[in-house]
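Participant: So I've got this file, final-v2.tsv, and it contains TSV, C-alpha atoms:
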chain	number	residue	atom	x	y	z
A	1	MET	CA	-32.76	23.16	-28.86
A	2	CYS	CA	-33.40	25.34	-25.84
A	3	LYS	CA	-31.64	22.86	-23.53
A	4	VAL	CA	-28.55	22.77	-25.73
A	5	TYR	CA	-28.42	26.56	-25.78
A	6	ASN	CA	-28.67	26.69	-21.97
A	7	ILE	CA	-25.85	24.17	-21.59
A	8	LYS	CA	-23.61	26.18	-23.93
A	9	ARG	CA	-24.46	29.33	-22.05
A	10	LEU	CA	-23.75	27.65	-18.71
A	11	CYS	CA	-20.44	26.29	-19.99
A	12	SER	CA	-19.35	29.67	-21.30
A	13	PHE	CA	-20.31	31.29	-17.99
A	14	TYR	CA	-18.30	28.65	-16.13
A	15	LEU	CA	-15.23	29.18	-18.35
A	16	ILE	CA	-15.42	32.94	-17.83
A	17	PHE	CA	-15.69	32.36	-14.07
A	18	ILE	CA	-12.59	30.11	-14.13
A	19	ARG	CA	-10.65	32.67	-16.17
A	20	ILE	CA	-11.52	35.40	-13.67
A	21	LYS	CA	-10.39	33.20	-10.77
A	22	ILE	CA	-7.13	32.33	-12.55
A	23	MET	CA	-6.51	35.97	-13.39
A	24	LYS	CA	-6.98	36.95	-9.73
A	25	LEU	CA	-4.44	34.32	-8.69
A	26	ASN	CA	-2.12	35.34	-11.52
A	27	ILE	CA	-1.75	31.73	-12.73
A	28	ARG	CA	-0.57	31.25	-16.28
A	29	ILE	CA	-0.66	28.25	-18.62
A	30	PRO	CA	3.01	27.29	-17.92
A	31	ASP	CA	2.20	27.32	-14.19
A	32	ILE	CA	-0.65	24.87	-14.73
A	33	PHE	CA	1.62	22.66	-16.85
A	34	ILE	CA	4.30	22.61	-14.13
A	35	ILE	CA	1.72	21.81	-11.43
A	36	LEU	CA	0.35	18.91	-13.49
A	37	LEU	CA	3.86	17.65	-14.28
A	38	VAL	CA	4.94	17.68	-10.63
A	39	THR	CA	1.70	15.99	-9.57
A	40	GLY	CA	2.19	13.28	-12.19
A	41	ILE	CA	5.80	12.63	-11.16
A	42	THR	CA	4.76	12.44	-7.50
A	43	LEU	CA	1.96	9.96	-8.19
A	44	TYR	CA	4.22	7.79	-10.37
A	45	SER	CA	6.95	7.78	-7.71
A	46	ALA	CA	4.50	6.85	-4.97
A	47	TYR	CA	3.11	4.01	-7.09
A	48	SER	CA	6.51	2.61	-8.03
A	49	VAL	CA	7.84	2.76	-4.46
A	50	TYR	CA	4.84	1.66	-2.41
A	51	LEU	CA	2.52	-0.37	-4.63
A	52	THR	CA	4.67	-2.57	-6.84
A	53	PRO	CA	5.67	-5.94	-5.40
A	54	GLN	CA	9.36	-6.65	-5.03
A	55	GLY	CA	10.98	-9.56	-6.84
A	56	ASN	CA	11.99	-12.73	-4.99
A	57	ALA	CA	10.12	-11.78	-1.82
A	58	GLN	CA	9.44	-14.56	0.66
A	59	VAL	CA	7.04	-14.86	3.56
A	60	LEU	CA	8.69	-16.00	6.79
A	61	ILE	CA	6.41	-17.34	9.52
A	62	ARG	CA	7.70	-18.27	12.98
A	63	GLY	CA	5.76	-19.72	15.83
A	64	GLN	CA	6.53	-21.81	18.91
A	65	GLY	CA	9.56	-23.70	17.62
A	66	SER	CA	8.43	-23.90	13.98
A	67	GLU	CA	9.40	-21.88	10.95
A	68	TRP	CA	7.92	-21.74	7.44
A	69	VAL	CA	9.12	-19.95	4.31
A	70	PHE	CA	6.81	-19.44	1.30
A	71	PRO	CA	7.17	-17.45	-1.92
A	72	ILE	CA	4.90	-14.43	-1.74
A	73	GLU	CA	3.20	-15.49	-5.00
A	74	THR	CA	1.61	-18.59	-3.43
A	75	GLN	CA	-1.97	-18.97	-2.23
A	76	GLU	CA	-1.78	-20.54	1.25
A	77	THR	CA	-3.57	-20.65	4.58
A	78	ILE	CA	-1.28	-21.54	7.46
A	79	ILE	CA	-2.39	-22.46	10.98
A	80	VAL	CA	0.37	-21.65	13.46
A	81	ASN	CA	0.29	-23.06	17.00
A	82	GLY	CA	1.16	-20.54	19.68
A	83	HIS	CA	1.03	-20.19	23.47
A	84	LEU	CA	-2.63	-19.09	23.48
A	85	GLY	CA	-3.94	-21.19	20.59
A	86	ASN	CA	-3.95	-21.17	16.79
A	87	THR	CA	-3.15	-18.11	14.68
A	88	ILE	CA	-4.38	-18.23	11.08
A	89	ILE	CA	-2.13	-16.57	8.49
A	90	ARG	CA	-3.12	-16.19	4.84
A	91	ILE	CA	-0.92	-15.60	1.80
A	92	GLY	CA	-2.46	-14.45	-1.49
A	93	ASP	CA	-2.32	-11.76	-4.18
A	94	ASN	CA	1.36	-11.05	-3.38
A	95	ARG	CA	0.41	-10.17	0.21
A	96	ALA	CA	0.32	-11.88	3.58
A	97	TRP	CA	-1.80	-11.12	6.63
A	98	VAL	CA	-2.92	-12.44	9.99
A	99	GLU	CA	-6.53	-13.44	9.54
A	100	SER	CA	-7.33	-14.38	13.14
A	101	SER	CA	-5.57	-14.87	16.44
A	102	PRO	CA	-6.65	-15.82	19.97
A	103	CYS	CA	-4.97	-12.80	21.59
A	104	ASP	CA	-7.07	-10.14	23.33
A	105	ASN	CA	-5.90	-6.93	21.64
A	106	GLN	CA	-5.90	-8.20	17.99
A	107	THR	CA	-3.08	-5.82	17.00
A	108	CYS	CA	-1.66	-8.45	14.67
A	109	VAL	CA	-4.96	-8.63	12.76
A	110	ALA	CA	-5.22	-4.83	12.66
A	111	THR	CA	-1.76	-4.61	11.06
A	112	GLY	CA	-3.36	-5.61	7.78
A	113	HIS	CA	-1.58	-6.78	4.65
A	114	VAL	CA	2.21	-6.88	4.52
A	115	PHE	CA	3.82	-7.09	1.08
A	116	ARG	CA	7.08	-5.15	1.04
A	117	GLN	CA	10.47	-6.39	2.13
A	118	GLY	CA	11.01	-5.70	5.82
A	119	GLN	CA	7.33	-5.35	6.74
A	120	TRP	CA	6.09	-7.57	9.53
A	121	ALA	CA	3.15	-8.40	11.73
A	122	ALA	CA	3.55	-10.07	15.10
A	123	CYS	CA	1.22	-11.58	17.66
A	124	LEU	CA	3.38	-11.16	20.73
A	125	PRO	CA	1.01	-12.79	23.25
A	126	ASN	CA	0.81	-15.89	21.03
A	127	ASN	CA	4.51	-15.76	20.01
A	128	VAL	CA	3.87	-15.71	16.23
A	129	LEU	CA	5.82	-13.63	13.70
A	130	LEU	CA	4.96	-12.92	10.05
A	131	MET	CA	7.68	-11.16	8.04
A	132	ILE	CA	8.48	-10.40	4.40
A	133	GLN	CA	12.06	-11.13	3.40
A	134	GLY	CA	13.80	-10.16	0.18
A	135	ASP	CA	16.44	-11.78	-1.96
A	136	GLY	CA	19.34	-10.36	0.05
A	137	ASN	CA	20.11	-7.44	-2.30
A	138	ASP	CA	19.04	-4.87	0.27
A	139	ASP	CA	22.43	-3.96	1.76
A	140	ILE	CA	21.98	-0.22	1.17
A	141	ASP	CA	18.68	1.47	1.83
A	142	ALA	CA	17.54	5.07	2.21
A	143	VAL	CA	18.49	5.18	5.88
A	144	SER	CA	22.05	3.87	5.54
A	145	TRP	CA	22.74	5.70	2.29
The structure in this file should be written as structure tokens.

Facilitator:
Amino acid sequence: MCKVYNIKRLCSFYLIFIRIKIMKLNIRIPDIFIILLVTGITLYSAYSVYLTPQGNAQVLIRGQGSEWVFPIETQETIIVNGHLGNTIIRIGDNRAWVESSPCDNQTCVATGHVFRQGQWAACLPNNVLLMIQGDGNDDIDAVSW
């Protein structure tokens, strides 16, 4: 019983403290509603733009005279011959990435997962390119609009 009373007392003290802080900042209930609404819209927009996969995306892989095209939905491991040796590219979970490469700087591996139309990873010393292509309906984008 004593513990419950202390928790209620602590909660009421905390609520009073929050009210005093809000009163000093002159924040009202409609202000809090607007802040939450704008935050929600921002998070939804970021999710829909950056985290949802695009339809009909294809993975294009080029290396030393060879070219492969895979749907992004496949689960594949591709070994691409290059000038320095073999580059291993993996496709899975609607993403593609360079898993390993014989180049010195490993920038292609550090690029990470590519999954949106137009993203790419390249191993320039080994002459290997990994690129995500769309269905061709990308004539107008934010830059050219």

Participant: Can you measure CA of Val128 (chain A) to CA of Ile78 (chain A) for me? One decimal in Å is fine.

Facilitator: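 Pair CA of Val128 (chain A) / CA of Ile78 (chain A) returns 11.7 Å.
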
Participant: Set up a box along x, y and z of the file covering all listed atoms of region 65-80 of chain A, add 4 Å on every one of the six sides, and write the centre and edge lengths in Å to one decimal, as JSON.

Facilitator:
{"center_x": 3.0, "center_y": -19.2, "center_z": 6.3, "size_x": 21.1, "size_y": 17.5, "size_z": 30.6}

Participant: Write out as a Markdown table the residues of region 32-94 of chain A that have any atom within 7 Å of an atom of region 99-107 of chain A, one row each with the nearest atom pair and its distance in Å to one decimal, counting all atoms listed in the file, sorted by chain and then rising number.

Facilitator:
| residue | atom | partner | partner_atom | distance |
| --- | --- | --- | --- | --- |
| A:Leu84 | CA | A:Pro102 | CA | 6.3 |
| A:Gly85 | CA | A:Pro102 | CA | 6.0 |
| A:Asn86 | CA | A:Ser101 | CA | 6.5 |
| A:Thr87 | CA | A:Ser101 | CA | 4.4 |
| A:Ile88 | CA | A:Ser100 | CA | 5.3 |
| A:Ile89 | CA | A:Glu99 | CA | 5.5 |
| A:Arg90 | CA | A:Glu99 | CA | 6.4 |

Participant: Would you save the residues from that selection as an mmCIF file, in the frame of the given file, using C-alpha atoms?

Facilitator:
data_model
loop_
_atom_site.group_PDB
_atom_site.id
_atom_site.type_symbol
_atom_site.label_atom_id
_atom_site.label_comp_id
_atom_site.auth_asym_id
_atom_site.auth_seq_id
_atom_site.Cartn_x
_atom_site.Cartn_y
_atom_site.Cartn_z
ATOM 1 C CA LEU A 84 -2.630 -19.090 23.480
ATOM 2 C CA GLY A 85 -3.940 -21.190 20.590
ATOM 3 C CA ASN A 86 -3.950 -21.170 16.790
ATOM 4 C CA THR A 87 -3.150 -18.110 14.680
ATOM 5 C CA ILE A 88 -4.380 -18.230 11.080
ATOM 6 C CA ILE A 89 -2.130 -16.570 8.490
ATOM 7 C CA ARG A 90 -3.120 -16.190 4.840
#

Participant: Quick one: distance from CA of Gly118 (chain A) to CA of Gly134 (chain A) in Å, one decimal?

Facilitator: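 Computing it gives 7.7 Å between the two atoms.
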
Participant: Point out the residue among A:Ala46, A:Ala96, A:Leu36, A:Ala121 with the least atom-to-atom distance to Gln75 (chain A), counting all atoms listed in the file.

Facilitator: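 Of all the options, A:Ala96 lies closest to Gln75 (chain A).
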
Participant: Could you pull the residues within 6 Å of region 55-60 of chain A, counting all atoms listed in the file, minus those fewer than 6 positions along the same chain, as a list in words?

Facilitator: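 Listing them by chain and then by number gives Trp68, Val69, Phe70, Pro71, Ile72, Leu130, Met131, Ile132, Gln133, Gly134 and Asp135 of chain A.
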
Participant: For the atom pair CA of Ile27 (chain A) and CA of Tyr44 (chain A), what is the interatomic distance in Å to one decimal place?

Facilitator: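 A separation of 24.8 Å between them.
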
Participant: Using only C-alpha atoms, collect all residues at a distance of at most 10 Å from (7.9, -16.5, 14.8) as written in the file, then present them as a list in words.

Facilitator: Leu60, Ile61, Arg62, Gly63, Gln64, Gly65, Ser66, Glu67, Trp68, Val80, Gly82, Ala121, Ala122, Cys123, Leu124, Asn126, Asn127, Val128, Leu129, Leu130 and Met131 of chain A
